[in-house]
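Q: Next comes entry.txt, compact mmCIF, C-alpha atoms:
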# COMPACT_ATOMS: atom_id res chain seq x y z
CA MET A 5 17.79 7.33 -28.36
CA PRO A 6 16.25 7.72 -31.85
CA THR A 7 12.90 9.49 -31.95
CA GLN A 8 11.19 6.50 -33.55
CA VAL A 9 12.31 4.16 -30.75
CA LEU A 10 11.19 6.62 -28.09
CA LYS A 11 7.76 6.96 -29.73
CA SER A 12 7.47 3.19 -29.86
CA LEU A 13 8.27 2.84 -26.16
CA VAL A 14 5.80 5.59 -25.21
CA ARG A 15 3.11 3.93 -27.32
CA ARG A 16 3.70 0.54 -25.71
CA PHE A 17 3.80 2.04 -22.23
CA ALA A 18 0.48 3.82 -22.82
CA GLY A 19 -1.07 0.71 -24.34
CA THR A 20 0.06 -1.66 -21.60
CA THR A 21 0.59 0.04 -18.25
CA LEU A 22 -1.94 2.87 -18.63
CA LEU A 23 -4.55 1.14 -20.79
CA PHE A 24 -4.52 -2.02 -18.67
CA SER A 25 -5.00 0.05 -15.49
CA GLY A 26 -7.73 2.12 -17.09
CA VAL A 27 -9.66 -0.80 -18.54
CA VAL A 28 -9.62 -2.75 -15.28
CA GLY A 29 -10.21 0.26 -13.02
CA VAL A 30 -13.04 1.85 -14.98
CA GLY A 31 -14.58 -1.45 -16.06
CA THR A 32 -14.70 -2.82 -12.52
CA SER A 33 -16.18 0.42 -11.20
CA GLY A 34 -18.85 0.34 -13.90
CA ILE A 35 -19.91 -3.20 -13.03
CA LEU A 36 -19.98 -2.35 -9.33
CA LEU A 37 -22.31 0.56 -10.14
CA ALA A 38 -24.51 -1.71 -12.25
CA SER A 39 -24.72 -4.30 -9.47
CA SER A 40 -25.75 -1.58 -7.05
CA CYS A 41 -28.52 -0.51 -9.44
CA ILE A 42 -30.01 -4.01 -9.46
CA GLY A 43 -30.04 -4.06 -5.66
CA TYR A 44 -26.73 -5.70 -4.73
CA LEU A 45 -24.39 -3.73 -2.46
CA PRO A 46 -20.89 -4.72 -3.71
CA TYR A 47 -18.91 -3.19 -0.85
CA SER A 48 -19.42 -2.29 2.79
CA ASP A 49 -17.87 -3.05 6.14
CA ARG A 50 -21.23 -2.52 7.83
CA PRO A 51 -23.72 -4.01 7.12
CA GLY A 52 -21.57 -5.87 4.60
CA PRO A 53 -22.04 -6.75 0.92
CA GLY A 54 -25.32 -8.34 -0.10
CA TRP A 55 -28.78 -7.79 -1.53
CA ARG A 56 -29.72 -4.68 0.40
CA SER A 57 -32.10 -2.76 -1.87
CA GLN A 58 -34.33 -2.89 -4.90
CA ALA A 59 -33.53 -2.22 -8.54
CA HIS A 60 -33.27 1.50 -9.25
CA TRP A 61 -31.75 4.07 -11.57
CA PRO A 62 -28.33 5.26 -10.34
CA THR A 63 -28.16 8.51 -8.45
CA TRP A 64 -25.41 11.06 -9.02
CA GLY A 65 -24.08 10.14 -5.60
CA GLU A 66 -23.76 6.48 -6.57
CA ILE A 67 -22.09 7.34 -9.86
CA ALA A 68 -19.57 9.58 -8.10
CA THR A 69 -18.91 6.95 -5.44
CA TYR A 70 -18.32 3.99 -7.71
CA PHE A 71 -16.35 5.78 -10.38
CA GLY A 72 -14.44 7.44 -7.56
CA PHE A 73 -13.06 3.94 -6.92
CA ALA A 74 -11.61 3.78 -10.45
CA PRO A 75 -8.40 5.78 -9.72
CA TRP A 76 -7.84 3.67 -6.61
CA PHE A 77 -8.25 0.45 -8.58
CA ALA A 78 -6.05 1.77 -11.39
CA TYR A 79 -3.32 2.68 -8.90
CA PHE A 80 -3.06 -0.92 -7.73
CA CYS A 81 -3.07 -2.12 -11.36
CA LEU A 82 -0.19 0.17 -12.34
CA PHE A 83 2.42 -2.07 -10.74
CA PHE A 84 1.43 -5.09 -12.80
CA GLY A 85 0.86 -2.84 -15.79
CA LEU A 86 4.56 -2.01 -15.69
CA GLY A 87 5.21 -5.75 -15.76
CA LEU A 88 3.03 -6.08 -18.86
CA PHE A 89 5.01 -3.25 -20.46
CA GLY A 90 8.23 -5.14 -19.86
CA LEU A 91 6.65 -8.35 -21.11
CA SER A 92 5.54 -6.65 -24.35
CA ILE A 93 9.14 -5.60 -25.00
CA VAL A 94 10.45 -9.12 -24.40
CA LEU A 95 7.76 -10.75 -26.57
CA GLY A 96 8.49 -8.27 -29.33
CA PHE A 97 12.21 -9.00 -29.05
CA ALA A 98 11.42 -12.72 -29.35
CA SER A 99 9.07 -12.12 -32.32
CA VAL A 100 6.43 -14.42 -30.84
CA PRO A 101 3.34 -15.18 -32.97
CA ARG A 102 0.19 -13.18 -32.30
CA TRP A 103 -1.70 -16.19 -30.91
CA LEU A 104 0.95 -16.73 -28.24
CA SER A 105 0.81 -13.05 -27.26
CA ARG A 106 -2.95 -13.41 -26.84
CA ILE A 107 -2.69 -16.51 -24.65
CA LEU A 108 0.08 -15.16 -22.43
CA GLY A 109 -1.50 -11.71 -22.25
CA ALA A 110 -4.92 -13.09 -21.34
CA ILE A 111 -3.68 -15.40 -18.58
CA LEU A 112 -1.24 -12.96 -16.99
CA SER A 113 -3.52 -9.91 -17.32
CA ALA A 114 -6.48 -11.75 -15.79
CA ALA A 115 -4.42 -12.96 -12.83
CA ALA A 116 -2.82 -9.53 -12.36
CA ALA A 117 -6.17 -7.73 -12.48
CA LEU A 118 -7.77 -10.13 -10.01
CA LEU A 119 -4.90 -9.79 -7.53
CA SER A 120 -4.74 -6.00 -7.92
CA ILE A 121 -8.44 -5.42 -7.23
CA ALA A 122 -8.44 -7.97 -4.41
CA SER A 123 -5.65 -5.93 -2.80
CA ALA A 124 -7.43 -2.63 -3.36
CA GLY A 125 -10.74 -4.12 -2.23
CA TRP A 126 -9.29 -5.06 1.15
CA TYR A 127 -9.43 -1.37 2.07
CA LEU A 128 -13.05 -1.07 0.87
CA ALA A 129 -14.50 -4.33 2.20
CA LEU A 130 -15.20 -5.20 -1.44
CA ALA A 131 -17.38 -8.21 -2.25
CA PRO A 132 -15.84 -11.07 -4.30
CA ILE A 133 -17.67 -9.74 -7.34
CA GLY A 134 -15.05 -6.96 -7.58
CA PRO A 135 -11.91 -9.10 -8.10
CA ASP A 136 -13.87 -11.60 -10.19
CA ILE A 137 -15.09 -8.94 -12.60
CA ALA A 138 -11.62 -7.40 -12.67
CA GLY A 139 -10.24 -10.77 -13.75
CA VAL A 140 -12.72 -10.83 -16.64
CA PHE A 141 -11.69 -7.36 -17.77
CA GLY A 142 -8.04 -8.35 -17.47
CA LEU A 143 -8.75 -11.40 -19.62
CA LEU A 144 -10.48 -9.28 -22.27
CA TYR A 145 -7.65 -6.77 -22.23
CA GLY A 146 -5.08 -9.54 -22.71
CA LEU A 147 -7.01 -11.10 -25.58
CA PHE A 148 -7.87 -8.00 -27.60
CA PHE A 149 -5.56 -5.14 -26.62
CA PHE A 150 -2.26 -6.50 -25.34
CA PRO A 151 -1.16 -8.17 -28.63
CA ARG A 152 -1.50 -4.80 -30.40
CA PHE A 153 1.42 -3.47 -28.39
CA VAL A 154 3.81 -6.35 -28.98
CA GLU A 155 5.99 -5.00 -31.78
CA THR A 156 8.08 -7.76 -33.33
CA ARG A 157 11.62 -7.20 -34.58
CA SER A 158 12.28 -6.93 -38.27
CA GLN A 159 15.28 -9.22 -37.81
CA SER A 160 14.56 -12.20 -35.61
CA VAL A 161 17.12 -13.56 -33.15
CA SER A 162 18.13 -17.17 -32.70
CA MET A 163 15.55 -19.66 -31.50
CA TRP A 164 17.29 -20.42 -28.21
CA MET A 165 17.39 -16.70 -27.34
CA ARG A 166 13.72 -16.34 -28.20
CA VAL A 167 12.67 -19.33 -26.10
CA SER A 168 14.90 -18.29 -23.18
CA ALA A 169 13.65 -14.71 -23.18
CA VAL A 170 9.97 -15.68 -23.23
CA THR A 171 10.36 -18.46 -20.66
CA CYS A 172 12.32 -16.31 -18.20
CA SER A 173 10.03 -13.28 -18.51
CA VAL A 174 6.84 -15.29 -18.06
CA ALA A 175 8.36 -17.20 -15.14
CA LEU A 176 9.33 -13.93 -13.45
CA PHE A 177 5.84 -12.50 -13.97
CA LEU A 178 4.23 -15.63 -12.52
CA ALA A 179 6.61 -15.58 -9.56
CA TRP A 180 5.62 -11.94 -8.98
CA LEU A 181 1.96 -12.98 -8.89
CA ILE A 182 2.49 -16.03 -6.69
CA TRP A 183 4.97 -14.48 -4.25
CA PRO A 184 2.33 -13.01 -1.85
CA PHE A 185 0.78 -16.46 -1.41
CA LEU A 186 4.00 -18.24 -0.49
CA PRO A 187 4.86 -18.79 3.19
CA HIS A 188 7.07 -16.03 4.57
CA LYS A 189 8.84 -15.43 7.82
CA PRO A 190 6.34 -13.56 10.02
CA LYS A 191 7.17 -9.93 10.71
CA ALA A 192 7.27 -8.69 14.25
CA GLU A 193 4.18 -6.92 15.55
CA ILE A 194 4.88 -3.24 16.15
CA SER A 195 3.03 -1.33 18.87
CA TYR A 196 3.85 2.32 19.48
CA ASP A 197 2.65 5.32 21.43
CA LEU A 198 3.55 8.98 20.82
CA VAL A 199 2.95 11.55 23.56
CA ARG A 200 3.91 15.15 24.40
CA VAL A 201 5.20 16.21 27.80
CA THR A 202 4.99 19.79 29.13
CA PRO A 203 6.51 21.09 32.42
CA GLY A 204 5.08 19.41 35.52
CA ASP A 205 5.88 17.14 38.46
CA LYS A 206 4.07 13.92 37.52
CA GLN A 207 6.13 10.91 36.53
CA VAL A 208 5.81 10.01 32.86
CA VAL A 209 4.58 6.43 32.46
CA ALA A 210 4.30 4.19 29.40
CA ALA A 211 1.07 3.16 27.75
CA SER A 212 -0.29 0.00 29.35
CA TRP A 213 -0.21 -2.05 26.12
CA LEU A 214 3.55 -1.56 25.59
CA GLY A 215 4.68 -4.23 28.01
CA GLN A 216 6.17 -4.39 31.48
CA ASP A 217 9.80 -4.30 30.34
CA LEU A 218 9.36 -0.96 28.57
CA SER A 219 7.45 0.46 31.55
CA SER A 220 10.26 -0.55 33.90
CA ASP A 221 12.96 1.00 31.69
CA LEU A 222 10.96 4.21 31.36
CA LYS A 223 10.73 4.51 35.15
CA THR A 224 14.52 4.38 35.43
CA LEU A 225 14.74 7.48 33.19
CA ASN A 226 12.71 9.40 35.81
CA LEU A 227 10.97 11.66 33.31
CA ARG A 228 8.51 14.16 34.77
CA GLY A 229 5.88 16.48 33.38
CA GLU A 230 2.28 16.72 32.23
CA THR A 231 1.49 14.12 29.57
CA HIS A 232 -0.60 15.01 26.52
CA GLY A 233 -1.89 12.10 24.49
CA GLY A 234 -0.96 11.92 20.82
CA ILE A 235 -1.47 8.75 18.85
CA GLY A 236 -0.83 5.05 19.23
CA SER A 237 -1.27 2.04 17.02
CA ALA A 238 -0.30 -1.55 16.40
CA ALA A 239 0.69 -3.26 13.16
CA GLY A 240 -0.47 -6.86 13.44
CA SER A 241 1.39 -9.97 12.38
CA SER A 242 1.16 -13.73 12.58
CA PRO A 243 0.59 -15.55 15.88
CA GLY A 244 3.85 -16.20 17.68
CA ALA A 245 5.75 -13.43 15.86
CA PRO A 246 8.20 -11.28 17.86
CA GLN A 247 6.91 -8.11 19.52
CA ILE A 248 8.30 -4.59 19.11
CA TYR A 249 7.21 -1.86 21.52
CA ALA A 250 8.07 1.83 21.11
CA GLU A 251 7.24 4.78 23.35
CA LEU A 252 7.90 8.18 21.77
CA ILE A 253 8.02 11.13 24.17
CA ALA A 254 8.31 14.68 22.86
CA PHE A 255 9.38 17.39 25.31
CA GLN A 256 9.06 20.01 22.58
CA PRO A 257 7.02 20.55 19.41
CA ILE A 258 7.82 18.32 16.46
CA THR A 259 9.45 20.66 13.93
CA ALA A 260 11.21 18.36 11.48
CA GLU A 261 10.54 15.11 9.67
CA VAL A 262 12.48 12.13 10.96
CA LYS A 263 12.54 8.34 10.60
CA LEU A 264 13.06 6.50 13.86
CA ALA A 265 14.62 3.04 13.69
CA LEU A 266 13.02 0.16 15.56
CA PRO A 267 14.66 -2.92 17.08
CA THR A 268 14.04 -6.32 15.53
CA GLN A 269 12.29 -7.25 18.78
CA GLY A 270 11.97 -5.90 22.30
CA HIS A 271 11.38 -2.25 23.10
CA VAL A 272 12.75 1.25 22.75
CA VAL A 273 11.97 4.63 24.29
CA TYR A 274 12.58 7.71 22.12
CA ILE A 275 12.89 11.14 23.76
CA LEU A 276 12.73 14.38 21.77
CA LYS A 277 14.82 17.16 23.37
CA ASP A 278 16.95 19.91 21.85
CA ASN A 279 15.53 19.05 18.41
CA LYS A 280 16.95 15.53 18.57
CA TRP A 281 15.34 12.13 19.09
CA VAL A 282 17.45 9.91 21.34
CA ALA A 283 16.81 6.16 21.70
CA HIS A 284 16.94 4.33 25.05
CA PRO A 285 18.49 1.79 24.87
CA ASP A 286 20.58 2.13 21.71
CA ILE A 287 19.36 0.05 18.79
CA VAL A 288 21.90 -2.56 17.69
CA ASN A 289 19.86 -4.58 15.18
CA ALA A 290 17.20 -2.54 13.39
CA ASP A 291 13.99 -3.82 11.85
CA GLU A 292 13.46 -3.11 8.15
CA ARG A 293 10.57 -0.85 9.12
CA ALA A 294 10.78 2.49 10.90
CA LEU A 295 8.45 5.13 12.31
CA ALA A 296 8.20 8.26 10.17
CA VAL A 297 7.26 11.34 12.20
CA GLN A 298 6.40 14.76 10.77
CA PRO A 299 5.25 18.13 12.16
CA GLY A 300 1.52 18.63 12.52
CA THR A 301 -0.59 20.48 9.97
CA ASP A 302 -3.31 21.96 12.22
CA PRO A 303 -2.99 25.79 12.10
CA ARG A 304 -4.27 26.23 15.66
CA TYR A 305 -2.92 23.41 17.77
CA ASP A 306 0.39 21.64 18.07
CA GLY A 307 0.52 18.02 16.94
CA GLY A 308 2.12 15.78 14.36
CA ARG A 309 1.82 13.12 11.71
CA VAL A 310 3.08 9.58 11.99
CA LYS A 311 3.12 6.36 10.02
CA LEU A 312 5.01 3.10 9.83
CA THR A 313 7.22 3.08 6.72
CA GLY A 314 5.49 1.09 4.04
CA GLN A 315 2.02 2.29 5.03
CA PRO A 316 0.21 4.34 2.37
CA GLN A 317 -0.57 7.44 4.42
CA PHE A 318 0.26 9.44 7.53
CA PHE A 319 -2.06 9.68 10.52
CA SER A 320 -2.45 13.28 11.69
CA PHE A 321 -3.22 14.26 15.28
CA THR A 322 -3.19 17.09 17.80
CA TRP A 323 -2.14 16.59 21.40
CA TYR A 324 -4.84 16.08 24.01
CA PRO A 325 -5.31 18.13 26.11
CA VAL A 326 -4.64 20.50 23.23
CA ILE A 327 -1.53 22.67 23.09
CA PRO A 328 -1.87 25.94 21.11
CA LYS A 329 0.69 26.58 18.41
CA GLY A 330 3.86 28.25 19.64
CA LEU A 331 3.78 26.90 23.21
Could you quickly redo this structure as structure tokens?
A:
Amino acid sequence: MPTQVLKSLVRRFAGTTLLFSGVVGVGTSGILLASSCIGYLPYSDRPGPGWRSQAHWPTWGEIATYFGFAPWFAYFCLFFGLGLFGLSIVLGFASVPRWLSRILGAILSAAAALLSIASAGWYLALAPIGPDIAGVFGLLYGLFFFPRFVETRSQSVSMWMRVSAVTCSVALFLAWLIWPFLPHKPKAEISYDLVRVTPGDKQVVAASWLGQDLSSDLKTLNLRGETHGGIGSAAGSSPGAPQIYAELIAFQPITAEVKLALPTQGHVVYILKDNKWVAHPDIVNADERALAVQPGTDPRYDGGRVKLTGQPQFFSFTWYPVIPKGL
């Protein structure tokens, strides 16, 4: 690839993906800080957003908190920023006029910014002011910055290719934005429990929330020992969706990372022995999601880390009652 072409691509990537994410992330954080300074709390699960205080100068703690949101906001914007990068290449290929780049950039950037910050704000209990302001910054970015990174070809292509390229790319971008709001087949609700069993005579029983069928199957395995609690969770879904229950039982420390398949519905019991997880019963049809299990990170006590694939982070835990490392 010629050096000039590579430099052009790097410039457009920086000016679309990175600049869009930075403008929306930093700009939104700045407005949230300003709203806090005039007395409006723009995020909070408890007591919730609202007019909670009086006008004041920002403290260093507030500045650090609100601008600490900026990387989080920018992260969610990166995905749509990549779409804007691709769009800039297509619009340049089609040699569209500057005014059309402004209109398309403004509309798509505003919608992308609003959706990105609304997604990020779900984790923060963000007030509507966050996505709304993000949409404004996206609009401004699309109007004044985006057209600068649409580099038109010196030799234009035929009109039908230009129209087709622009129409298809904009349609794909809009479909990307609208897709989350379209009705989808509900995913099964996944409930799981991960425990550790050490030598003992007690019968191992399933967690009460995992259903009677799983409890009955676990009894037929006649597992015995002292149970140490680990971690359990449920990934919610729509009403009436299928249910998936999983009981994970470790008879030894977790020493390797593994992804455990889940059935499309029903239940499964996984048993860790001889450094191998074995499913009971065998899984015939697997769900698209799986449980990722890793060794624990606590230097003193045995434990693990677990998450459902697709979730952003692992949940770390130690067994309770605790089990010292090496036992």
Q: Here is a test: counting only C-alpha atoms, which residue of A:Glu155, A:Asp302, A:Asp205, A:Asp217 is nearest to Ser92 of chain A?
A: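 Comparing A:Glu155, A:Asp302, A:Asp205, A:Asp217 against Ser92 of chain A, the winner is A:Glu155.
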Q: Please, what distance in Å, to one decimal, runs between atom CA of Val273 of chain A and atom CA of Arg228 of chain A?
A: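 About the pair atom CA of Val273 of chain A and atom CA of Arg228 of chain A: they are 14.6 Å apart.
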Q: Any idea what the distance is between atom CA of Thr156 of chain A and atom CA of Ala98 of chain A?
A: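 Spanning atom CA of Thr156 of chain A to atom CA of Ala98 of chain A is a straight-line distance of 7.2 Å.
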Q: Could you tell me how far atom CA of Ala169 of chain A sits from atom CA of Ile107 of chain A, in Å to one decimal place?
A: 16.5 Å
Q: Would you kindly return, as a list of chain:residue names, each protein, DNA or RNA residue with an atom no farther than 8 Å from any atom of segment 140-147 of chain A, considering all atoms listed in the file and excluding same-chain residues fewer than 3 positions away?
A: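 Near segment 140-147 of chain A, the qualifying residues are A:Phe24, A:Val27, A:Val28, A:Gly31, A:Thr32, A:Arg106, A:Ile107, A:Leu108, A:Gly109, A:Ala110, A:Ile111, A:Leu112, A:Ser113, A:Ala114, A:Ala115, A:Ala116, A:Ala117, A:Leu118, A:Asp136, A:Ile137, A:Phe150, A:Pro151.
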Q: Quick one: residues within 9 Å of Gly87 of chain A, all atoms listed in the file counted, chain neighbours fewer than 4 positions away excluded, as a list in words?
A: Thr20, Thr21, Leu82, Phe83, Leu91, Ser92 and Phe177 of chain A
Q: Could the residues in this selection be written to a file with C-alpha atoms, as a PDB file, in the coordinates of the input?
A:
ATOM      1  CA  THR A  20       0.060  -1.660 -21.600  1.00  0.00           C
ATOM      2  CA  THR A  21       0.590   0.040 -18.250  1.00  0.00           C
ATOM      3  CA  LEU A  82      -0.190   0.170 -12.340  1.00  0.00           C
ATOM      4  CA  PHE A  83       2.420  -2.070 -10.740  1.00  0.00           C
ATOM      5  CA  LEU A  91       6.650  -8.350 -21.110  1.00  0.00           C
ATOM      6  CA  SER A  92       5.540  -6.650 -24.350  1.00  0.00           C
ATOM      7  CA  PHE A 177       5.840 -12.500 -13.970  1.00  0.00           C
TER       8      PHE A 177
END
Q: Env of Lys263 of chain A: 7 Å cut, atoms = all atoms listed in the file, seq-sep filter 6 positions within chain, self excluded. Answer as a PyMOL selection string.
A: chain A and resi 294-297
Q: Taking 6 positions as the minimum chain separation for residues in the same chain, which residues sit within 8 Å of Ile253 of chain A when counting all atoms listed in the file? Answer as a PyMOL selection string.
A: chain A and resi 198-201+273-276
Q: Dump as a tab-separated table the rows for residues of segment 98-131 of chain A within 10 Å of segment 48-65 of chain A: closest atom pair and distance in Å with one decimal, only C-alpha atoms counted, ordered by chain and rising residue number.
A:
residue	atom	partner	partner_atom	distance
A:Tyr127	CA	A:Asp49	CA	9.5
A:Leu128	CA	A:Ser48	CA	6.8
A:Ala129	CA	A:Asp49	CA	5.3
A:Leu130	CA	A:Ser48	CA	6.6
A:Ala131	CA	A:Pro53	CA	5.8
Q: Could you pull the residues within 12 Å of segment 208-215 of chain A, counting only C-alpha atoms, minus those fewer than 4 positions along the same chain, as a PDB file with C-alpha atoms, in the coordinates of the input?
A:
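out22.pdb, freshly written:
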ATOM      1  CA  GLU A 193       4.180  -6.920  15.550  1.00  0.00           C
ATOM      2  CA  ILE A 194       4.880  -3.240  16.150  1.00  0.00           C
ATOM      3  CA  SER A 195       3.030  -1.330  18.870  1.00  0.00           C
ATOM      4  CA  TYR A 196       3.850   2.320  19.480  1.00  0.00           C
ATOM      5  CA  ASP A 197       2.650   5.320  21.430  1.00  0.00           C
ATOM      6  CA  LEU A 198       3.550   8.980  20.820  1.00  0.00           C
ATOM      7  CA  VAL A 199       2.950  11.550  23.560  1.00  0.00           C
ATOM      8  CA  ARG A 200       3.910  15.150  24.400  1.00  0.00           C
ATOM      9  CA  VAL A 201       5.200  16.210  27.800  1.00  0.00           C
ATOM     10  CA  THR A 202       4.990  19.790  29.130  1.00  0.00           C
ATOM     11  CA  PRO A 203       6.510  21.090  32.420  1.00  0.00           C
ATOM     12  CA  GLY A 204       5.080  19.410  35.520  1.00  0.00           C
ATOM     13  CA  SER A 219       7.450   0.460  31.550  1.00  0.00           C
ATOM     14  CA  SER A 220      10.260  -0.550  33.900  1.00  0.00           C
ATOM     15  CA  ASP A 221      12.960   1.000  31.690  1.00  0.00           C
ATOM     16  CA  LEU A 222      10.960   4.210  31.360  1.00  0.00           C
ATOM     17  CA  LYS A 223      10.730   4.510  35.150  1.00  0.00           C
ATOM     18  CA  THR A 224      14.520   4.380  35.430  1.00  0.00           C
ATOM     19  CA  LEU A 225      14.740   7.480  33.190  1.00  0.00           C
ATOM     20  CA  ASN A 226      12.710   9.400  35.810  1.00  0.00           C
ATOM     21  CA  LEU A 227      10.970  11.660  33.310  1.00  0.00           C
ATOM     22  CA  ARG A 228       8.510  14.160  34.770  1.00  0.00           C
ATOM     23  CA  GLY A 229       5.880  16.480  33.380  1.00  0.00           C
ATOM     24  CA  GLU A 230       2.280  16.720  32.230  1.00  0.00           C
ATOM     25  CA  THR A 231       1.490  14.120  29.570  1.00  0.00           C
ATOM     26  CA  HIS A 232      -0.600  15.010  26.520  1.00  0.00           C
ATOM     27  CA  GLY A 233      -1.890  12.100  24.490  1.00  0.00           C
ATOM     28  CA  GLY A 234      -0.960  11.920  20.820  1.00  0.00           C
ATOM     29  CA  ILE A 235      -1.470   8.750  18.850  1.00  0.00           C
ATOM     30  CA  GLY A 236      -0.830   5.050  19.230  1.00  0.00           C
ATOM     31  CA  SER A 237      -1.270   2.040  17.020  1.00  0.00           C
ATOM     32  CA  ALA A 238      -0.300  -1.550  16.400  1.00  0.00           C
ATOM     33  CA  GLN A 247       6.910  -8.110  19.520  1.00  0.00           C
ATOM     34  CA  ILE A 248       8.300  -4.590  19.110  1.00  0.00           C
ATOM     35  CA  TYR A 249       7.210  -1.860  21.520  1.00  0.00           C
ATOM     36  CA  ALA A 250       8.070   1.830  21.110  1.00  0.00           C
ATOM     37  CA  GLU A 251       7.240   4.780  23.350  1.00  0.00           C
ATOM     38  CA  LEU A 252       7.900   8.180  21.770  1.00  0.00           C
ATOM     39  CA  ILE A 253       8.020  11.130  24.170  1.00  0.00           C
ATOM     40  CA  ALA A 254       8.310  14.680  22.860  1.00  0.00           C
ATOM     41  CA  PHE A 255       9.380  17.390  25.310  1.00  0.00           C
ATOM     42  CA  GLY A 270      11.970  -5.900  22.300  1.00  0.00           C
ATOM     43  CA  HIS A 271      11.380  -2.250  23.100  1.00  0.00           C
ATOM     44  CA  VAL A 272      12.750   1.250  22.750  1.00  0.00           C
ATOM     45  CA  VAL A 273      11.970   4.630  24.290  1.00  0.00           C
ATOM     46  CA  TYR A 274      12.580   7.710  22.120  1.00  0.00           C
ATOM     47  CA  ILE A 275      12.890  11.140  23.760  1.00  0.00           C
TER      48      ILE A 275
END
